[in-house]
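Quick look at final_18.txt (compact mmCIF, C-alpha atoms):
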```
# COMPACT_ATOMS: atom_id res chain seq x y z
CA MET A 1053 66.52 -5.63 21.43
CA SER A 1054 64.08 -5.33 24.31
CA SER A 1055 62.75 -2.03 22.94
CA ALA A 1056 62.15 -3.54 19.49
CA ALA A 1057 60.45 -6.56 21.02
CA SER A 1058 58.18 -4.39 23.14
CA LYS A 1059 57.19 -2.29 20.10
CA LYS A 1060 56.49 -5.46 18.13
CA SER A 1061 54.33 -6.91 20.91
CA SER A 1062 52.54 -3.56 21.29
CA GLY A 1063 51.78 -3.54 17.56
CA LEU A 1064 50.46 -7.09 17.71
CA SER A 1065 48.27 -6.26 20.69
CA MET A 1066 46.88 -3.18 18.90
CA ALA A 1067 46.09 -5.29 15.83
CA GLY A 1068 44.45 -7.92 18.04
CA ARG A 1069 42.28 -5.32 19.76
CA ARG A 1070 41.22 -3.92 16.40
CA ARG A 1071 40.29 -7.37 15.14
CA LEU A 1072 38.36 -8.04 18.35
CA ASP A 1073 36.57 -4.69 18.07
CA THR A 1074 35.67 -5.38 14.43
CA GLY A 1075 34.47 -8.86 15.31
CA LEU A 1076 32.24 -7.54 18.11
CA ARG A 1077 30.74 -4.92 15.80
CA LEU A 1078 30.02 -7.51 13.13
CA LEU A 1079 28.45 -9.81 15.73
CA ILE A 1080 26.19 -7.02 17.06
CA ALA A 1081 25.21 -6.02 13.52
CA PHE A 1082 24.42 -9.65 12.68
CA LEU A 1083 22.23 -10.00 15.78
CA PHE A 1084 20.32 -6.82 14.93
CA ILE A 1085 19.79 -7.99 11.34
CA LEU A 1086 18.64 -11.40 12.56
CA TYR A 1087 16.26 -9.77 15.04
CA ALA A 1088 14.79 -7.56 12.29
CA LEU A 1089 14.50 -10.25 9.63
CA PHE A 1090 13.14 -13.11 11.75
CA PRO A 1091 9.48 -11.95 11.77
CA ILE A 1092 9.60 -11.30 8.01
CA VAL A 1093 11.10 -14.71 7.25
CA TYR A 1094 8.61 -16.38 9.60
CA VAL A 1095 5.59 -14.75 7.94
CA ILE A 1096 6.85 -15.56 4.44
CA GLY A 1097 7.51 -19.17 5.46
CA THR A 1098 4.05 -19.44 7.03
CA SER A 1099 2.41 -18.08 3.88
CA LEU A 1100 4.10 -20.86 1.87
CA ASN A 1101 3.01 -23.59 4.31
CA PRO A 1102 0.18 -25.51 2.58
CA SER A 1103 -1.40 -26.64 5.86
CA GLY A 1104 -2.24 -23.04 6.82
CA SER A 1105 -2.48 -23.98 10.50
CA LEU A 1106 -0.92 -22.07 13.35
CA GLN A 1107 0.11 -25.29 15.09
CA THR A 1108 2.09 -26.55 12.07
CA SER A 1109 3.62 -23.23 10.96
CA GLN A 1110 7.34 -23.40 10.17
CA ILE A 1111 10.03 -20.87 9.37
CA ILE A 1112 11.09 -22.96 6.37
CA PRO A 1113 8.19 -25.22 5.25
CA SER A 1114 9.10 -28.73 4.11
CA ASN A 1115 6.81 -28.63 1.06
CA PRO A 1116 6.18 -24.97 0.15
CA SER A 1117 3.29 -24.06 -2.14
CA LEU A 1118 1.23 -21.03 -3.22
CA ASN A 1119 -2.10 -22.48 -2.08
CA ASN A 1120 -2.62 -19.79 0.55
CA TYR A 1121 -2.11 -17.05 -2.03
CA ARG A 1122 -4.52 -18.71 -4.48
CA SER A 1123 -7.16 -19.15 -1.78
CA LEU A 1124 -6.75 -15.54 -0.69
CA LEU A 1125 -6.95 -14.02 -4.17
CA THR A 1126 -9.84 -16.18 -5.38
CA SER A 1127 -12.07 -15.83 -2.30
CA GLN A 1128 -15.53 -14.49 -3.16
CA THR A 1129 -16.57 -13.66 0.40
CA ASN A 1130 -13.34 -11.80 1.26
CA PRO A 1131 -12.34 -9.51 -1.66
CA PHE A 1132 -8.70 -8.98 -0.78
CA MET A 1133 -7.77 -7.13 -3.97
CA LEU A 1134 -10.69 -4.74 -3.45
CA TRP A 1135 -9.41 -4.02 0.05
CA MET A 1136 -5.96 -3.38 -1.39
CA ARG A 1137 -7.43 -0.97 -3.92
CA ASN A 1138 -9.35 0.87 -1.20
CA SER A 1139 -6.20 1.21 0.89
CA MET A 1140 -4.23 2.51 -2.08
CA ILE A 1141 -6.92 5.08 -2.90
CA VAL A 1142 -7.18 6.30 0.69
CA SER A 1143 -3.43 6.37 1.39
CA THR A 1144 -2.37 7.92 -1.93
CA THR A 1145 -5.07 10.59 -1.90
CA THR A 1146 -4.43 11.45 1.75
CA SER A 1147 -0.67 11.67 1.19
CA ILE A 1148 -0.95 13.91 -1.88
CA LEU A 1149 -3.40 16.27 -0.20
CA THR A 1150 -1.36 16.30 3.01
CA VAL A 1151 1.79 17.31 1.12
CA ALA A 1152 -0.11 20.02 -0.80
CA LEU A 1153 -1.87 21.54 2.22
CA CYS A 1154 1.08 21.30 4.59
CA SER A 1155 3.49 22.84 2.10
CA LEU A 1156 1.19 25.83 1.64
CA ALA A 1157 0.69 26.22 5.40
CA ALA A 1158 4.39 25.79 6.18
CA TYR A 1159 5.40 28.34 3.52
CA SER A 1160 2.95 30.81 4.99
CA PHE A 1161 4.22 30.30 8.55
CA SER A 1162 7.86 30.43 7.47
CA ARG A 1163 7.84 33.41 5.11
CA PHE A 1164 5.00 35.72 6.15
CA ARG A 1165 4.37 37.62 9.35
CA TRP A 1166 0.73 38.12 10.23
CA LYS A 1167 -1.42 38.54 13.29
CA SER A 1168 -1.90 35.51 15.58
CA ARG A 1169 0.72 33.55 13.62
CA LYS A 1170 2.48 32.23 16.73
CA ARG A 1171 -0.80 31.40 18.46
CA LEU A 1172 -1.98 29.38 15.48
CA LEU A 1173 1.33 27.53 15.38
CA GLN A 1174 0.98 26.70 19.06
CA GLY A 1175 -2.60 25.61 18.47
CA LEU A 1176 -1.49 23.22 15.72
CA LEU A 1177 1.09 21.73 18.06
CA LEU A 1178 -1.38 21.51 20.94
CA SER A 1179 -3.85 19.62 18.75
CA GLN A 1180 -1.32 16.80 18.43
CA VAL A 1181 -1.11 16.27 22.20
CA PHE A 1182 -4.41 14.40 22.45
CA PRO A 1183 -4.59 10.86 21.02
CA ASN A 1184 -6.98 10.10 18.19
CA ILE A 1185 -8.95 7.64 20.29
CA LEU A 1186 -10.36 10.52 22.35
CA ALA A 1187 -12.02 11.99 19.26
CA ILE A 1188 -13.53 8.81 17.80
CA VAL A 1189 -17.06 9.48 19.07
CA ALA A 1190 -16.93 13.10 17.93
CA VAL A 1191 -15.55 12.09 14.52
CA PHE A 1192 -18.27 9.46 14.11
CA LEU A 1193 -21.05 11.95 14.86
CA MET A 1194 -19.43 14.62 12.70
CA LEU A 1195 -19.25 12.34 9.66
CA GLN A 1196 -22.82 11.28 10.31
CA GLN A 1197 -23.91 14.92 10.02
CA ILE A 1198 -21.70 15.62 7.01
CA GLY A 1199 -23.09 12.58 5.22
CA ARG A 1200 -26.60 14.03 5.31
CA ILE A 1201 -25.44 16.98 3.22
CA PHE A 1202 -22.54 15.43 1.27
CA PRO A 1203 -23.10 11.66 1.04
CA ALA A 1204 -19.67 11.09 -0.53
CA PHE A 1205 -17.99 12.22 2.72
CA GLY A 1206 -20.21 10.53 5.26
CA LEU A 1207 -19.94 7.32 7.24
CA ASN A 1208 -18.86 4.17 5.42
CA THR A 1209 -17.23 6.14 2.58
CA LEU A 1210 -13.61 6.38 1.56
CA GLY A 1211 -14.06 10.13 1.13
CA GLY A 1212 -15.06 10.55 4.77
CA LEU A 1213 -12.10 8.47 5.92
CA ILE A 1214 -9.74 10.60 3.82
CA LEU A 1215 -11.26 13.74 5.32
CA ILE A 1216 -10.56 12.54 8.86
CA TYR A 1217 -7.02 11.45 8.03
CA LEU A 1218 -6.30 14.89 6.55
CA GLY A 1219 -7.48 16.64 9.68
CA GLY A 1220 -5.16 14.59 11.85
CA ALA A 1221 -2.10 14.90 9.60
CA ILE A 1222 -1.87 18.63 9.01
CA GLY A 1223 -0.71 19.75 12.47
CA PHE A 1224 2.51 17.76 13.01
CA ASN A 1225 3.48 17.69 9.33
CA THR A 1226 3.13 21.47 9.05
CA TRP A 1227 5.56 21.88 11.95
CA LEU A 1228 7.99 19.41 10.40
CA MET A 1229 7.83 21.09 7.00
CA LYS A 1230 8.13 24.60 8.46
CA GLY A 1231 11.44 23.66 10.06
CA PHE A 1232 12.70 22.62 6.64
CA PHE A 1233 11.40 25.79 4.98
CA ASP A 1234 13.26 27.88 7.56
CA THR A 1235 16.57 26.44 6.35
CA VAL A 1236 16.04 27.84 2.84
CA PRO A 1237 17.70 31.29 2.61
CA ARG A 1238 15.31 34.20 2.29
CA ASP A 1239 17.69 35.79 -0.20
CA LEU A 1240 16.26 33.44 -2.83
CA ASP A 1241 12.78 34.85 -2.27
CA GLU A 1242 14.03 38.43 -2.47
CA SER A 1243 16.00 37.74 -5.65
CA ALA A 1244 12.99 36.15 -7.31
CA MET A 1245 10.72 39.04 -6.36
CA LEU A 1246 13.27 41.55 -7.69
CA ASP A 1247 13.04 39.69 -10.99
CA GLY A 1248 9.28 40.20 -10.97
CA ALA A 1249 8.11 36.84 -9.56
CA SER A 1250 5.03 36.74 -7.39
CA SER A 1251 4.85 34.89 -4.07
CA TRP A 1252 3.11 31.96 -5.78
CA GLN A 1253 5.74 31.78 -8.54
CA THR A 1254 8.52 31.92 -5.95
CA PHE A 1255 6.88 29.13 -3.99
CA THR A 1256 6.26 26.80 -6.94
CA THR A 1257 9.39 27.36 -9.04
CA ILE A 1258 12.09 28.05 -6.46
CA ILE A 1259 11.12 26.89 -2.98
CA LEU A 1260 9.36 23.60 -3.75
CA PRO A 1261 12.27 22.09 -5.76
CA LEU A 1262 14.63 22.91 -2.88
CA VAL A 1263 12.44 21.26 -0.24
CA ARG A 1264 11.76 18.12 -2.26
CA PRO A 1265 13.35 15.80 0.36
CA VAL A 1266 10.89 16.85 3.07
CA LEU A 1267 7.99 16.49 0.65
CA ALA A 1268 9.04 12.89 0.11
CA VAL A 1269 9.27 12.33 3.87
CA ILE A 1270 5.81 13.77 4.52
CA PHE A 1271 4.34 11.69 1.69
CA MET A 1272 6.01 8.54 3.01
CA LEU A 1273 4.99 9.06 6.63
CA SER A 1274 1.43 9.91 5.67
CA PHE A 1275 1.16 6.91 3.36
CA ILE A 1276 2.47 4.46 5.95
CA GLY A 1277 0.32 5.91 8.72
CA THR A 1278 -2.94 5.72 6.77
CA TYR A 1279 -2.16 2.46 4.97
CA GLY A 1280 -1.67 0.56 8.22
CA ASP A 1281 -4.30 2.31 10.31
CA PHE A 1282 -6.93 0.03 11.81
CA LEU A 1283 -8.82 1.87 14.55
CA LEU A 1284 -10.39 4.77 12.62
CA ALA A 1285 -11.04 2.66 9.53
CA ARG A 1286 -12.74 -0.04 11.61
CA VAL A 1287 -15.06 2.47 13.31
CA LEU A 1288 -15.94 4.56 10.24
CA LEU A 1289 -16.29 1.76 7.66
CA THR A 1290 -19.09 -0.76 8.13
CA ASN A 1291 -19.51 -2.26 4.66
CA THR A 1292 -17.23 -5.15 3.72
CA ARG A 1293 -16.63 -3.75 0.25
CA GLN A 1294 -15.42 -0.45 1.71
CA TYR A 1295 -12.86 -2.01 4.05
CA THR A 1296 -9.20 -1.15 3.85
CA VAL A 1297 -6.69 -3.97 3.83
CA ALA A 1298 -5.90 -3.63 7.56
CA VAL A 1299 -9.57 -3.95 8.54
CA GLY A 1300 -10.24 -6.64 5.96
CA LEU A 1301 -7.39 -8.87 7.10
CA SER A 1302 -8.35 -8.58 10.75
CA LEU A 1303 -11.91 -9.68 10.01
CA PHE A 1304 -10.88 -12.21 7.38
CA ILE A 1305 -9.69 -14.66 10.00
CA GLY A 1306 -12.52 -14.30 12.50
CA GLN A 1307 -12.83 -17.26 14.78
CA GLN A 1308 -10.69 -19.50 12.55
CA PHE A 1309 -7.39 -17.83 13.37
CA GLY A 1310 -5.52 -21.05 14.01
CA GLN A 1311 -6.77 -22.75 10.84
CA ARG A 1312 -6.42 -19.78 8.44
CA TRP A 1313 -3.08 -18.51 9.66
CA GLY A 1314 -1.46 -19.24 6.30
CA GLU A 1315 -3.94 -17.09 4.37
CA PHE A 1316 -3.51 -14.27 6.85
CA ALA A 1317 0.28 -14.47 6.42
CA ALA A 1318 -0.12 -14.44 2.63
CA GLY A 1319 -2.29 -11.33 2.90
CA ALA A 1320 0.28 -9.65 5.15
CA VAL A 1321 3.04 -10.34 2.62
CA LEU A 1322 1.00 -8.93 -0.28
CA ALA A 1323 -0.12 -5.92 1.75
CA ALA A 1324 3.50 -5.01 2.52
CA ILE A 1325 4.51 -4.78 -1.15
CA PRO A 1326 3.23 -1.21 -1.89
CA THR A 1327 5.05 0.22 1.14
CA MET A 1328 8.28 -1.56 0.19
CA ILE A 1329 8.08 -0.26 -3.37
CA LEU A 1330 7.39 3.29 -2.20
CA PHE A 1331 10.27 3.18 0.27
CA TYR A 1332 12.65 1.88 -2.41
CA ILE A 1333 11.65 4.63 -4.83
CA SER A 1334 11.95 7.48 -2.32
CA GLN A 1335 14.88 6.30 -0.20
CA SER A 1336 17.30 8.76 -1.84
CA GLN A 1337 15.20 11.66 -0.50
CA LEU A 1338 14.40 10.32 2.96
CA GLN A 1339 17.70 10.87 4.77
CA GLY A 1340 18.01 14.54 3.87
CA GLY A 1341 14.36 15.18 4.53
CA LEU A 1342 14.47 13.70 8.03
CA THR A 1343 17.63 15.53 9.17
CA SER A 1344 17.87 18.88 7.39
CA GLY A 1345 14.76 20.36 8.96
CA ALA A 1346 16.00 19.67 12.49
CA VAL A 1347 18.40 22.62 12.47
CA LYS A 1348 15.79 25.37 12.82
CA GLY A 1349 12.28 25.49 14.23
```

Take the structure from the file and write it as structure tokens.
Amino acid sequence: MSSAASKKSSGLSMAGRRRLDTGLRLLIAFLFILYALFPIVYVIGTSLNPSGSLQTSQIIPSNPSLNNYRSLLTSQTNPFMLWMRNSMIVSTTTSILTVALCSLAAYSFSRFRWKSRKRLLQGLLLSQVFPNILAIVAVFLMLQQIGRIFPAFGLNTLGGLILIYLGGAIGFNTWLMKGFFDTVPRDLDESAMLDGASSWQTFTTIILPLVRPVLAVIFMLSFIGTYGDFLLARVLLTNTRQYTVAVGLSLFIGQQFGQRWGEFAAGAVLAAIPTMILFYISQSQLQGGLTSGAVKG
């Protein structure tokens, strides 16, 4: 009887510990979710607050309205939709070109052996050590000189901004993509070449479909990085109609931050929509792209 009672009490204690462990995990998960969602809920609530003042902002406004959104979208002096379009042009173009150039460079580093290959790889990695802020003056003067010959890529142009973003994105992304390319068996290349395929045909028809997850990752990282960048865009763009959404929103408030907080929050909510849509579309590719290339370097 005592043995059966001890087993029964042991089983109850095990079940109690499991319930306690599950409850603690759920509590920690709930706290993390609350911590992550609070700023989002606060900004959305502020954007629906008709007063638009920082002093009267509320998480859940008592009388929500879309006045801040109407004021933001109908403003003649602050063309928010034009800023959104500029950001979409810059980010999409930069991301597409980054994926194209980095995939070509990574395939070359991964599959071919040529002189100074390792030194160039090390140089690409070394170029990422220095922060972008150190090169702002040099970038400004460089675009100034380029603009005298090619006006479309000079200062205060979206083309010039795209050019600078491309130069800063190739190094790290090439390394990341090369690690993914190294996980693809070389037997596939040899089989394709035995069937008469050229290196270009092997790259486009066999290798690229297999590395699609990392292409999605590079596109996503490049898009987010350029879409939310403020420093380079603020220095290189001086005309209001050429601003990206990050620069436009920062200057939209000016000295009236406390009074126009609602419009700023409305702009932040609208500006986050493209990134959310892109993440939702590409989420199936992101997990594999972020982890598979970490096996080899």

Who sits within 12 Å of Phe1205 in chain A, all atoms listed in the file, same chain under 4 positions skipped, as an NGL selection string = :A and (1192 or 1194-1201 or 1209-1216 or 1288-1289)

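The residue that comes closest to Ser1160 in chain A, out of A:Leu1193, A:Ile1276, A:Met1229, A:Val1266 and on the basis of all atoms listed in the file, is A:Met1229.
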
Residue nearest Ile1092 in chain A - candidates A:Leu1330, A:Ala1320, A:Ile1222, A:Ala1187, atoms counted: all atoms listed in the file =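 Among A:Leu1330, A:Ala1320, A:Ile1222, A:Ala1187, it is A:Ala1320 that comes nearest to Ile1092 in chain A.
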
Counting all atoms listed in the file, what is within 7 Å of Ser1147 in chain A, bar same-chain residues fewer than 3 positions away, as a list in words?
->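 Those residues are Ser1143, Thr1144, Thr1150, Val1151, Phe1271, Ser1274 and Phe1275 of chain A.
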
Calculate how many Å separate CA of Ala1221 in chain A from CA of Arg1238 in chain A, rounding to one decimal.
-> 27.0 Å

Write out as an mmCIF file with C-alpha atoms, in the coordinates of the input which residues come within 12 Å of Ile1185 in chain A when counting only C-alpha atoms, dropping same-chain ones fewer than 4 positions away.
```cif
data_model
loop_
_atom_site.group_PDB
_atom_site.id
_atom_site.type_symbol
_atom_site.label_atom_id
_atom_site.label_comp_id
_atom_site.auth_asym_id
_atom_site.auth_seq_id
_atom_site.Cartn_x
_atom_site.Cartn_y
_atom_site.Cartn_z
ATOM 1 C CA VAL A 1181 -1.110 16.270 22.200
ATOM 2 C CA VAL A 1189 -17.060 9.480 19.070
ATOM 3 C CA ALA A 1190 -16.930 13.100 17.930
ATOM 4 C CA VAL A 1191 -15.550 12.090 14.520
ATOM 5 C CA PHE A 1192 -18.270 9.460 14.110
ATOM 6 C CA GLY A 1220 -5.160 14.590 11.850
ATOM 7 C CA PHE A 1282 -6.930 0.030 11.810
ATOM 8 C CA LEU A 1283 -8.820 1.870 14.550
ATOM 9 C CA LEU A 1284 -10.390 4.770 12.620
ATOM 10 C CA VAL A 1287 -15.060 2.470 13.310
#
```

Mind checking which residues fall within 9 Å of Ile1096 in chain A, counting all atoms listed in the file, ignoring those fewer than 4 positions away in the same chain, and posting them as JSON, numbers by chain?
-> {"A": [1091, 1092, 1100, 1101, 1111, 1112, 1317, 1318, 1320, 1321]}

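The smallest atom-to-atom distance between Leu1207 in chain A and any of A:Leu1262, A:Leu1153, A:Leu1176, A:Ala1285, using only C-alpha atoms, is found for A:Ala1285.
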
For CA of Gln1128 in chain A and CA of Ser1099 in chain A, the interatomic separation in Å (one decimal) = 19.6 Å

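Counting only C-alpha atoms, Met1245 in chain A has the following residues at most 8 Å away, ignoring those fewer than 5 positions along the same chain: Ser1250, Ser1251 and Thr1254 of chain A.
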
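The two atoms in question, CA of Thr1278 in chain A and CA of Glu1315 in chain A, are spaced 23.0 Å apart.
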
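Take the candidates A:Leu1228, A:Ile1085, A:Ala1324, A:Leu1118 and check each one against Ser1162 in chain A using all atoms listed in the file; the shortest distance goes to A:Leu1228.
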
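Using only C-alpha atoms, the smallest distance between any of A:Leu1173, A:Ile1325, A:Leu1273, A:Leu1156 and Ile1259 in chain A comes from A:Leu1156.
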
Which one of A:Tyr1121, A:Phe1232, A:Tyr1217, A:Phe1132 sits closest to Phe1161 in chain A if you count all atoms listed in the file?
->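 Selected residue with least distance to Phe1161 in chain A: A:Phe1232.
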
Kindly list the centre and edge lengths in Å, rounded to one decimal, for the axis-aligned box that covers all listed atoms of range 1084-1103 of chain A plus 3 Å on each of its six sides, as AutoDock Vina command-line options.
```
--center_x 9.5 --center_y -16.7 --center_z 8.5 --size_x 27.7 --size_y 25.8 --size_z 19.2
```

If I only have part of range 1149-1164 of chain A, can you fill in N, CA and C atoms and write it as a PDB file, in the coordinates of the input?
```
ATOM      1  N   LEU A1149      -2.763  15.089  -0.760  1.00  0.00           N
ATOM      2  CA  LEU A1149      -3.400  16.270  -0.200  1.00  0.00           C
ATOM      3  C   LEU A1149      -2.671  16.785   1.040  1.00  0.00           C
ATOM      4  N   THR A1150      -2.126  15.882   1.840  1.00  0.00           N
ATOM      5  CA  THR A1150      -1.360  16.300   3.010  1.00  0.00           C
ATOM      6  C   THR A1150      -0.127  17.092   2.599  1.00  0.00           C
ATOM      7  N   VAL A1151       0.598  16.599   1.606  1.00  0.00           N
ATOM      8  CA  VAL A1151       1.790  17.310   1.120  1.00  0.00           C
ATOM      9  C   VAL A1151       1.395  18.684   0.573  1.00  0.00           C
ATOM     10  N   ALA A1152       0.311  18.749  -0.203  1.00  0.00           N
ATOM     11  CA  ALA A1152      -0.110  20.020  -0.800  1.00  0.00           C
ATOM     12  C   ALA A1152      -0.525  21.029   0.266  1.00  0.00           C
ATOM     13  N   LEU A1153      -1.376  20.614   1.201  1.00  0.00           N
ATOM     14  CA  LEU A1153      -1.870  21.540   2.220  1.00  0.00           C
ATOM     15  C   LEU A1153      -0.778  21.945   3.206  1.00  0.00           C
ATOM     16  N   CYS A1154       0.033  20.990   3.625  1.00  0.00           N
ATOM     17  CA  CYS A1154       1.080  21.300   4.590  1.00  0.00           C
ATOM     18  C   CYS A1154       2.169  22.180   3.998  1.00  0.00           C
ATOM     19  N   SER A1155       2.483  21.988   2.728  1.00  0.00           N
ATOM     20  CA  SER A1155       3.490  22.840   2.100  1.00  0.00           C
ATOM     21  C   SER A1155       3.004  24.280   2.012  1.00  0.00           C
ATOM     22  N   LEU A1156       1.740  24.479   1.682  1.00  0.00           N
ATOM     23  CA  LEU A1156       1.190  25.830   1.640  1.00  0.00           C
ATOM     24  C   LEU A1156       1.175  26.464   3.039  1.00  0.00           C
ATOM     25  N   ALA A1157       0.731  25.693   4.037  1.00  0.00           N
ATOM     26  CA  ALA A1157       0.690  26.220   5.400  1.00  0.00           C
ATOM     27  C   ALA A1157       2.087  26.501   5.930  1.00  0.00           C
ATOM     28  N   ALA A1158       3.032  25.598   5.687  1.00  0.00           N
ATOM     29  CA  ALA A1158       4.390  25.790   6.180  1.00  0.00           C
ATOM     30  C   ALA A1158       5.068  26.978   5.508  1.00  0.00           C
ATOM     31  N   TYR A1159       4.830  27.183   4.224  1.00  0.00           N
ATOM     32  CA  TYR A1159       5.400  28.340   3.520  1.00  0.00           C
ATOM     33  C   TYR A1159       4.838  29.635   4.097  1.00  0.00           C
ATOM     34  N   SER A1160       3.570  29.631   4.406  1.00  0.00           N
ATOM     35  CA  SER A1160       2.950  30.810   4.990  1.00  0.00           C
ATOM     36  C   SER A1160       3.533  31.118   6.372  1.00  0.00           C
ATOM     37  N   PHE A1161       3.669  30.088   7.211  1.00  0.00           N
ATOM     38  CA  PHE A1161       4.220  30.300   8.550  1.00  0.00           C
ATOM     39  C   PHE A1161       5.694  30.696   8.509  1.00  0.00           C
ATOM     40  N   SER A1162       6.425  30.186   7.534  1.00  0.00           N
ATOM     41  CA  SER A1162       7.860  30.430   7.470  1.00  0.00           C
ATOM     42  C   SER A1162       8.208  31.773   6.861  1.00  0.00           C
ATOM     43  N   ARG A1163       7.443  32.233   5.874  1.00  0.00           N
ATOM     44  CA  ARG A1163       7.840  33.410   5.110  1.00  0.00           C
ATOM     45  C   ARG A1163       7.041  34.678   5.430  1.00  0.00           C
ATOM     46  N   PHE A1164       5.837  34.543   5.915  1.00  0.00           N
ATOM     47  CA  PHE A1164       5.000  35.720   6.150  1.00  0.00           C
ATOM     48  C   PHE A1164       4.836  35.971   7.636  1.00  0.00           C
TER      49      PHE A1164
END
```
